[in-house]
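Reading through the structure tokens given below for one structure.
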Amino acid sequence: MESGEIRPAVENTQSPLHASFEIFDGLNFPVCVIGADGSLIARNGSFIRIFDAEQSAPHLDLTNPFFPEYRRRIAISYLRARKGQRRNCYAVMKTADERKMPVEIFLYPLFSGKEVGSILVFLHILDEQENHFNRFPAAARITAAGVPPVYEFSPAPIIRLSAEGKLLFANSAAENFIGYSLLELSNNPKIVFKSVSDFDLQKIKKAFQEILDGQSGCKRLSEIRVIAKGDTERWMNAVLYPVYSGSGSHAVEMFVEDITKIKRLEKKVTLMNRIRLLGDITKGLLHSFNNMINVVLSRTQLLLQITEKESVIDGLRIIERTAIEGVRQVKRITDFIGEGDSLEEYSEESLIDILEDAAEFVRIQQKVDETENRRSVTMEKVYYIKATVRTDVKLFRELVLSIIFKVSQFIRKEGNLSIVLKSNGSPVIYVKAVSSSPIAEAGEEEHLFSGADVRLLAEKINIKIIEEETPDSYAIQAVLPQSIVAEKKKETNDGFMKIRGLNVMIVEDQEELCDVLQELFNNMGNRVTVFGNGDDALEDFKAKQYDLLISDYGLGGITGLELAAKVKEIDENVITVLLSGWMLKDLRAYKNVVDAFFEKPFKLDELIKGIARTIALKKK
């Protein structure tokens, strides 16, 4: 074998490699060709002299520091070359006489038509004064610093800058952190500085100068915001320290701690605190709104009973419909907040009503999202069956809303969201999103609703969750067990006149609503006494006999719950009805104290029917 001849790894006189690669015969550094399957196809004389010893195959040094990361980077470079990209990486190889030889490997894809048929490999041998970091022209003047090759395998980003502020090198972790390739950084070093704000840049410059002037041996900078390639926000802490040569410090090295995940977590915690504060404010606002809309709705319904003029009736009907829609919107918000309680652990509700409420809540959110984030989502709903569930309805509502929100998050910019209620032996809620835009890379966004949240909620009420995903669609099926499906009961016709001839105590601190309730029960033929606070009402109850107590929860003095409890101690036969615009917790603990509970705002006919039903049950 001639020393300067390219030789196929497997002898083949017909191989075109012998003729195609003769140009590399005169090179004094190793060159080889790797096949698409990773096999060594050909190599020049320099390669043979250094790495071939009889039949032994060239191999990497397996004792290299950070070996897994080292192998990973080589593998990534090879795979990218297979895909048609020019790549380079650092490696330590063992020579034929078992010496360790650091090399810079340059990989160039060779195409056969449109496919990569093989890879041309140049091996640049590094000596003690040269290393794989010196990829930029400026770095050749600063080799005395002796950058350790181990930097390449550091999981933390490391950047070195000259005394003039020029970029000398950046390791692969730095490349991943800022999002730009090493070639882009070398051609345009200003990228590093433009990625931070003016305020943070001044901090870095000040620390940089203090280190070069010998005023400080090390400077630590905290919480620097970086805008990486693609406008991705990242955060870092940085430690700056000098790099010395014989004449003193000539460069500064920046060791970067990536704290992006920590900052995202802090942001999420801050957001949750804001949501909690907003939730507290919302509860107060809902309470006030509940009382106001309750007065409007109740007064309108009373006027409808006594008004005969058609034009007035039409106007009152419009007010009533608007007020009822306001009631539904408030109920959606209170159900979403989910902190209220009911007297019974399980209640019944139509599946279609639950889906409609959840869809309306999502539609409101998407309308805001469309304005602020230019995200367009069309929604379609199809209900093939009617069904009623008997379960913890608040928890079930939260599950349905979480499923719809989670699925809709699959749509990044534009797409369609479909909500289907069908039967497969038992009711199935099927929610699917089809996105017309590419899916973002994993980890790009963090969402409030996750798969774990949905499954945890589903487990509590024994609902089976099935997820389906394709590149352009994502769907969740919620299969309801037959045990929570209930037949819808026919509503009994409890007339207004069934509540008459009773001694009724009304305790309400909102004067307008108190007047409406007093007029309502007076017109039905009851003897009504009203009070504005619980203490006065309790004193009167001790002196007189009452059949029915209707009390607001939030009163001056004792609360409505406390009043109901004390009244029951005096007369256990009295019917107690609690009204509240607040979302009350642990209400079920007072089942023996409160006979009926109504959330404000309520419709007068529902209030009367509910009280009549409670009285009828008590008489049985």
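Following the order of the structure tokens, first chain is A, next is B, and so on, with residues numbered from 1 inside each chain and ligands from 1 in the order they appear.
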Residues within 7 Å of stretch 75-78 of chain A, only C-alpha atoms, excluding chain neighbours under 6 positions, as an NGL selection string = :A and (87-89)
Pick out the residues sitting within 7 Å of A:Thr95, and hand them over as a tab-separated table (two decimals) with N, CA and C atoms, in the first residue's frame; count only C-alpha atoms, and ignore anything fewer than 4 positions along from it in its own chain.
```
chain	number	residue	atom	x	y	z
A	50	ILE	N	-1.50	7.00	11.24
A	50	ILE	CA	-1.77	7.38	12.64
A	50	ILE	C	-2.65	6.38	13.35
A	51	PHE	N	-3.69	5.88	12.67
A	51	PHE	CA	-4.71	5.10	13.39
A	51	PHE	C	-4.73	3.62	13.04
A	99	ARG	N	-1.68	6.09	21.91
A	99	ARG	CA	-1.57	7.44	22.44
A	99	ARG	C	-2.91	8.16	22.28
A	100	LYS	N	-3.19	9.10	23.22
A	100	LYS	CA	-4.41	9.90	23.11
A	100	LYS	C	-4.13	11.09	22.22
A	101	MET	N	-5.04	11.31	21.27
A	101	MET	CA	-4.85	12.40	20.33
A	101	MET	C	-6.12	13.23	20.23
```
From stretch 165-364 of chain A, collect each residue whose DSSP state is strand (DSSP E or B) and return the set as a PyMOL selection string.
-> chain A and resi 167-170+196+219-228+232-245+248-258+347-350
Mind dumping the selected residues with N, CA and C atoms as a short mmCIF file (atom, residue, chain, number, x, y, z; two decimals), in the first residue's frame?
```
data_model
loop_
_atom_site.label_atom_id
_atom_site.label_comp_id
_atom_site.auth_asym_id
_atom_site.auth_seq_id
_atom_site.Cartn_x
_atom_site.Cartn_y
_atom_site.Cartn_z
N LEU A 167 -15.72 38.39 21.32
CA LEU A 167 -16.01 37.01 21.69
C LEU A 167 -14.87 36.10 21.23
N LEU A 168 -14.27 35.37 22.18
CA LEU A 168 -13.18 34.45 21.85
C LEU A 168 -13.69 33.03 21.67
N PHE A 169 -14.55 32.59 22.55
CA PHE A 169 -15.17 31.29 22.36
C PHE A 169 -16.43 31.21 23.21
N ALA A 170 -17.27 30.25 22.85
CA ALA A 170 -18.46 29.91 23.63
C ALA A 170 -18.66 28.41 23.49
N VAL A 196 -29.34 41.28 25.79
CA VAL A 196 -29.68 41.72 27.14
C VAL A 196 -30.10 43.18 27.10
N LYS A 219 -16.76 38.57 40.03
CA LYS A 219 -18.00 39.33 40.17
C LYS A 219 -19.17 38.42 39.85
N ARG A 220 -20.19 38.52 40.68
CA ARG A 220 -21.41 37.73 40.45
C ARG A 220 -22.56 38.67 40.11
N LEU A 221 -23.24 38.38 39.02
CA LEU A 221 -24.39 39.17 38.60
C LEU A 221 -25.63 38.28 38.64
N SER A 222 -26.70 38.82 39.19
CA SER A 222 -27.90 38.00 39.40
C SER A 222 -29.05 38.45 38.51
N GLU A 223 -29.84 37.47 38.11
CA GLU A 223 -31.12 37.66 37.42
C GLU A 223 -31.01 38.61 36.22
N ILE A 224 -30.24 38.16 35.24
CA ILE A 224 -30.10 38.90 33.99
C ILE A 224 -31.05 38.28 32.96
N ARG A 225 -31.88 39.11 32.39
CA ARG A 225 -32.86 38.63 31.41
C ARG A 225 -32.21 38.60 30.03
N VAL A 226 -32.35 37.47 29.35
CA VAL A 226 -31.75 37.28 28.03
C VAL A 226 -32.86 36.95 27.03
N ILE A 227 -32.84 37.63 25.89
CA ILE A 227 -33.76 37.29 24.81
C ILE A 227 -32.99 36.47 23.80
N ALA A 228 -33.22 35.16 23.80
CA ALA A 228 -32.50 34.24 22.92
C ALA A 228 -33.12 34.27 21.52
N THR A 232 -37.17 34.05 22.53
CA THR A 232 -37.41 33.22 23.71
C THR A 232 -36.78 33.86 24.93
N GLU A 233 -37.57 34.04 25.98
CA GLU A 233 -37.05 34.67 27.19
C GLU A 233 -36.31 33.65 28.05
N ARG A 234 -35.10 34.00 28.44
CA ARG A 234 -34.31 33.17 29.35
C ARG A 234 -33.72 34.06 30.45
N TRP A 235 -33.35 33.44 31.55
CA TRP A 235 -32.77 34.17 32.69
C TRP A 235 -31.49 33.48 33.12
N MET A 236 -30.52 34.29 33.60
CA MET A 236 -29.26 33.70 34.04
C MET A 236 -28.68 34.47 35.22
N ASN A 237 -27.91 33.75 36.02
CA ASN A 237 -26.93 34.34 36.92
C ASN A 237 -25.57 34.16 36.25
N ALA A 238 -24.67 35.09 36.43
CA ALA A 238 -23.37 34.99 35.76
C ALA A 238 -22.25 35.28 36.75
N VAL A 239 -21.19 34.48 36.68
CA VAL A 239 -19.98 34.71 37.46
C VAL A 239 -18.87 35.08 36.48
N LEU A 240 -18.26 36.25 36.66
CA LEU A 240 -17.18 36.72 35.79
C LEU A 240 -15.86 36.62 36.54
N TYR A 241 -14.85 36.08 35.90
CA TYR A 241 -13.54 35.96 36.53
C TYR A 241 -12.46 36.15 35.46
N PRO A 242 -11.25 36.58 35.86
CA PRO A 242 -10.20 36.89 34.88
C PRO A 242 -9.50 35.64 34.39
N VAL A 243 -8.97 35.71 33.16
CA VAL A 243 -8.11 34.68 32.59
C VAL A 243 -6.72 35.31 32.47
N TYR A 244 -5.74 34.72 33.15
CA TYR A 244 -4.40 35.33 33.24
C TYR A 244 -3.43 34.74 32.25
N SER A 245 -2.52 35.59 31.80
CA SER A 245 -1.32 35.15 31.06
C SER A 245 -0.12 35.70 31.82
N GLY A 248 -0.45 39.36 32.94
CA GLY A 248 -1.65 39.75 33.68
C GLY A 248 -2.92 39.29 32.98
N SER A 249 -4.06 39.76 33.45
CA SER A 249 -5.32 39.32 32.88
C SER A 249 -5.49 39.90 31.49
N HIS A 250 -5.84 39.06 30.55
CA HIS A 250 -6.02 39.50 29.17
C HIS A 250 -7.43 39.21 28.66
N ALA A 251 -8.21 38.48 29.42
CA ALA A 251 -9.56 38.13 28.99
C ALA A 251 -10.42 37.88 30.22
N VAL A 252 -11.70 37.83 30.00
CA VAL A 252 -12.66 37.56 31.08
C VAL A 252 -13.55 36.41 30.66
N GLU A 253 -13.75 35.51 31.58
CA GLU A 253 -14.61 34.36 31.31
C GLU A 253 -15.91 34.54 32.08
N MET A 254 -16.99 34.17 31.45
CA MET A 254 -18.31 34.29 32.08
C MET A 254 -18.91 32.89 32.21
N PHE A 255 -19.12 32.50 33.45
CA PHE A 255 -19.74 31.20 33.75
C PHE A 255 -21.22 31.46 34.02
N VAL A 256 -22.10 30.87 33.23
CA VAL A 256 -23.53 31.19 33.26
C VAL A 256 -24.31 30.09 33.99
N GLU A 257 -25.16 30.53 34.90
CA GLU A 257 -26.11 29.62 35.56
C GLU A 257 -27.49 29.88 34.97
N ASP A 258 -28.04 28.89 34.31
CA ASP A 258 -29.35 29.03 33.68
C ASP A 258 -30.44 28.90 34.75
N SER A 347 -75.84 16.10 43.71
CA SER A 347 -77.00 16.79 43.13
C SER A 347 -77.12 16.38 41.67
N GLU A 348 -78.25 16.70 41.06
CA GLU A 348 -78.51 16.31 39.69
C GLU A 348 -78.48 17.52 38.76
N GLU A 349 -77.92 17.29 37.56
CA GLU A 349 -77.91 18.38 36.58
C GLU A 349 -77.77 17.79 35.18
N SER A 350 -78.34 18.50 34.23
CA SER A 350 -78.30 18.07 32.84
C SER A 350 -76.88 18.17 32.30
#
```
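Of the listed residues (A:Val577, A:Ile570, A:Leu563, A:Val530), A:Val577 comes nearest to A:Leu549; the distances count only C-alpha atoms.
By only C-alpha atoms, and with residues fewer than 5 positions from A:Leu538 along its chain excluded, the set lying at most 9 Å from it is A:Asn533, A:Ala543, A:Leu563, A:Lys566, A:Val567.
Atom CA of A:Lys394 is found 22.9 Å from atom CA of A:Lys432.
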Can you work out the spacing between atom CA of A:Lys413 and atom CA of A:Val362 in Å, to one decimal?
-> 15.9 Å
Contact residues around stretch 420-430 of chain A with only C-alpha atoms at 8 Å, ignoring same-chain residues under 5 positions, as a PDB file with C-alpha atoms, in the first residue's frame:
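Output below, filename part.pdb:
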```pdb
ATOM      1  CA  ILE A 352     -76.032  19.524  28.174  1.00  0.00           C
ATOM      2  CA  LYS A 381     -70.997  21.685  19.660  1.00  0.00           C
ATOM      3  CA  VAL A 382     -72.989  18.540  18.842  1.00  0.00           C
ATOM      4  CA  TYR A 383     -75.247  16.777  21.369  1.00  0.00           C
ATOM      5  CA  TYR A 384     -76.553  13.369  20.275  1.00  0.00           C
ATOM      6  CA  ILE A 385     -78.114  12.417  23.610  1.00  0.00           C
ATOM      7  CA  ALA A 387     -78.642  12.762  30.042  1.00  0.00           C
ATOM      8  CA  ALA A 475     -58.573  14.947  21.755  1.00  0.00           C
ATOM      9  CA  ILE A 476     -59.793  13.773  25.158  1.00  0.00           C
ATOM     10  CA  GLN A 477     -62.674  11.377  25.742  1.00  0.00           C
ATOM     11  CA  ALA A 478     -64.357  11.315  29.143  1.00  0.00           C
ATOM     12  CA  VAL A 479     -66.333   8.095  29.560  1.00  0.00           C
ATOM     13  CA  LEU A 480     -68.926   8.449  32.320  1.00  0.00           C
ATOM     14  CA  PRO A 481     -69.757   5.417  34.479  1.00  0.00           C
ATOM     15  CA  GLN A 482     -73.385   4.336  34.410  1.00  0.00           C
TER      16      GLN A 482
END
```
Among listed residues A:Ala486, A:Leu561, A:Leu417, A:Val269, nearest A:Ser436 (using only C-alpha atoms) |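 Smallest distance to A:Ser436 is found for A:Leu417.
All residues of protein, DNA or RNA that reach within 10 Å of stretch 190-194 of chain A, judged by only C-alpha atoms and not counting those fewer than 5 positions away in the chain, are A:Ile159, A:Gly165, A:Lys166, A:Leu167, A:Ile178, A:Tyr180, A:Glu184, A:Leu185, A:Asp200, A:Leu201, A:Ile204, A:Lys205, A:Val226, A:Ile227, A:Ala228, A:Lys229.
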For the residues in that selection, give me C-alpha atoms as a PDB file, in the first residue's frame.
```pdb
ATOM      1  CA  ILE A 159     -18.256  32.416  27.291  1.00  0.00           C
ATOM      2  CA  GLY A 165     -14.914  42.840  24.431  1.00  0.00           C
ATOM      3  CA  LYS A 166     -14.590  40.509  21.457  1.00  0.00           C
ATOM      4  CA  LEU A 167     -16.009  37.008  21.689  1.00  0.00           C
ATOM      5  CA  ILE A 178     -28.688  31.720  23.523  1.00  0.00           C
ATOM      6  CA  TYR A 180     -27.422  30.883  18.020  1.00  0.00           C
ATOM      7  CA  GLU A 184     -23.361  32.949  13.982  1.00  0.00           C
ATOM      8  CA  LEU A 185     -21.781  34.122  17.230  1.00  0.00           C
ATOM      9  CA  ASP A 200     -28.084  44.606  32.412  1.00  0.00           C
ATOM     10  CA  LEU A 201     -25.490  45.367  29.743  1.00  0.00           C
ATOM     11  CA  ILE A 204     -21.908  43.425  32.791  1.00  0.00           C
ATOM     12  CA  LYS A 205     -19.588  46.111  31.372  1.00  0.00           C
ATOM     13  CA  VAL A 226     -31.754  37.284  28.031  1.00  0.00           C
ATOM     14  CA  ILE A 227     -33.758  37.291  24.811  1.00  0.00           C
ATOM     15  CA  ALA A 228     -32.502  34.243  22.919  1.00  0.00           C
ATOM     16  CA  LYS A 229     -33.016  33.442  19.258  1.00  0.00           C
TER      17      LYS A 229
END
```
Secondary structure check, alpha helix (DSSP H) residues of stretch 375-456 of chain A, as a PyMOL selection string | chain A and resi 393-408+451-456
Produce a file of the selected residues containing N, CA and C atoms, as an mmCIF file, in the first residue's frame.
```
data_model
loop_
_atom_site.group_PDB
_atom_site.id
_atom_site.type_symbol
_atom_site.label_atom_id
_atom_site.label_comp_id
_atom_site.auth_asym_id
_atom_site.auth_seq_id
_atom_site.Cartn_x
_atom_site.Cartn_y
_atom_site.Cartn_z
ATOM 1 N N VAL A 393 -71.548 17.814 41.496
ATOM 2 C CA VAL A 393 -71.681 18.586 40.264
ATOM 3 C C VAL A 393 -70.587 19.642 40.137
ATOM 4 N N LYS A 394 -70.205 20.272 41.234
ATOM 5 C CA LYS A 394 -69.147 21.283 41.159
ATOM 6 C C LYS A 394 -67.839 20.669 40.687
ATOM 7 N N LEU A 395 -67.504 19.487 41.215
ATOM 8 C CA LEU A 395 -66.282 18.806 40.803
ATOM 9 C C LEU A 395 -66.389 18.366 39.346
ATOM 10 N N PHE A 396 -67.572 17.901 38.958
ATOM 11 C CA PHE A 396 -67.780 17.472 37.581
ATOM 12 C C PHE A 396 -67.654 18.651 36.613
ATOM 13 N N ARG A 397 -68.208 19.804 36.997
ATOM 14 C CA ARG A 397 -68.074 21.006 36.174
ATOM 15 C C ARG A 397 -66.598 21.391 36.009
ATOM 16 N N GLU A 398 -65.850 21.317 37.097
ATOM 17 C CA GLU A 398 -64.429 21.667 37.047
ATOM 18 C C GLU A 398 -63.684 20.731 36.106
ATOM 19 N N LEU A 399 -64.040 19.431 36.128
ATOM 20 C CA LEU A 399 -63.402 18.470 35.235
ATOM 21 C C LEU A 399 -63.705 18.796 33.771
ATOM 22 N N VAL A 400 -64.978 19.052 33.459
ATOM 23 C CA VAL A 400 -65.371 19.352 32.079
ATOM 24 C C VAL A 400 -64.652 20.608 31.587
ATOM 25 N N LEU A 401 -64.608 21.627 32.421
ATOM 26 C CA LEU A 401 -63.940 22.876 32.037
ATOM 27 C C LEU A 401 -62.444 22.657 31.834
ATOM 28 N N SER A 402 -61.819 21.860 32.706
ATOM 29 C CA SER A 402 -60.380 21.576 32.581
ATOM 30 C C SER A 402 -60.079 20.826 31.291
ATOM 31 N N ILE A 403 -60.947 19.878 30.922
ATOM 32 C CA ILE A 403 -60.746 19.120 29.679
ATOM 33 C C ILE A 403 -60.810 20.056 28.477
ATOM 34 N N ILE A 404 -61.836 20.909 28.440
ATOM 35 C CA ILE A 404 -61.998 21.804 27.288
ATOM 36 C C ILE A 404 -60.827 22.783 27.197
ATOM 37 N N PHE A 405 -60.427 23.354 28.329
ATOM 38 C CA PHE A 405 -59.292 24.287 28.320
ATOM 39 C C PHE A 405 -58.007 23.582 27.883
ATOM 40 N N LYS A 406 -57.760 22.382 28.407
ATOM 41 C CA LYS A 406 -56.525 21.662 28.063
ATOM 42 C C LYS A 406 -56.481 21.342 26.577
ATOM 43 N N VAL A 407 -57.590 20.864 26.034
ATOM 44 C CA VAL A 407 -57.619 20.512 24.611
ATOM 45 C C VAL A 407 -57.466 21.762 23.752
ATOM 46 N N SER A 408 -58.134 22.844 24.141
ATOM 47 C CA SER A 408 -58.073 24.073 23.328
ATOM 48 C C SER A 408 -56.665 24.660 23.291
ATOM 49 N N GLY A 451 -52.363 17.385 31.867
ATOM 50 C CA GLY A 451 -52.999 16.075 31.851
ATOM 51 C C GLY A 451 -53.150 15.496 33.240
ATOM 52 N N ALA A 452 -52.166 15.762 34.104
ATOM 53 C CA ALA A 452 -52.237 15.252 35.476
ATOM 54 C C ALA A 452 -53.427 15.855 36.211
ATOM 55 N N ASP A 453 -53.688 17.161 36.018
ATOM 56 C CA ASP A 453 -54.823 17.805 36.668
ATOM 57 C C ASP A 453 -56.132 17.140 36.257
ATOM 58 N N VAL A 454 -56.277 16.906 34.954
ATOM 59 C CA VAL A 454 -57.501 16.304 34.436
ATOM 60 C C VAL A 454 -57.695 14.908 35.008
ATOM 61 N N ARG A 455 -56.640 14.114 35.026
ATOM 62 C CA ARG A 455 -56.766 12.732 35.509
ATOM 63 C C ARG A 455 -57.048 12.663 37.008
ATOM 64 N N LEU A 456 -56.449 13.568 37.769
ATOM 65 C CA LEU A 456 -56.721 13.587 39.200
ATOM 66 C C LEU A 456 -58.188 13.903 39.484
#
```
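The interatomic distance for the pair atom CA of A:Glu414 and atom CA of A:Val434 works out to 8.7 Å.
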Stretch 517-528 of chain A: which residues within 6 Å, counting only C-alpha atoms, same-chain residues fewer than 3 positions away excluded, as a PyMOL selection string?
-> chain A and resi 500-505+514
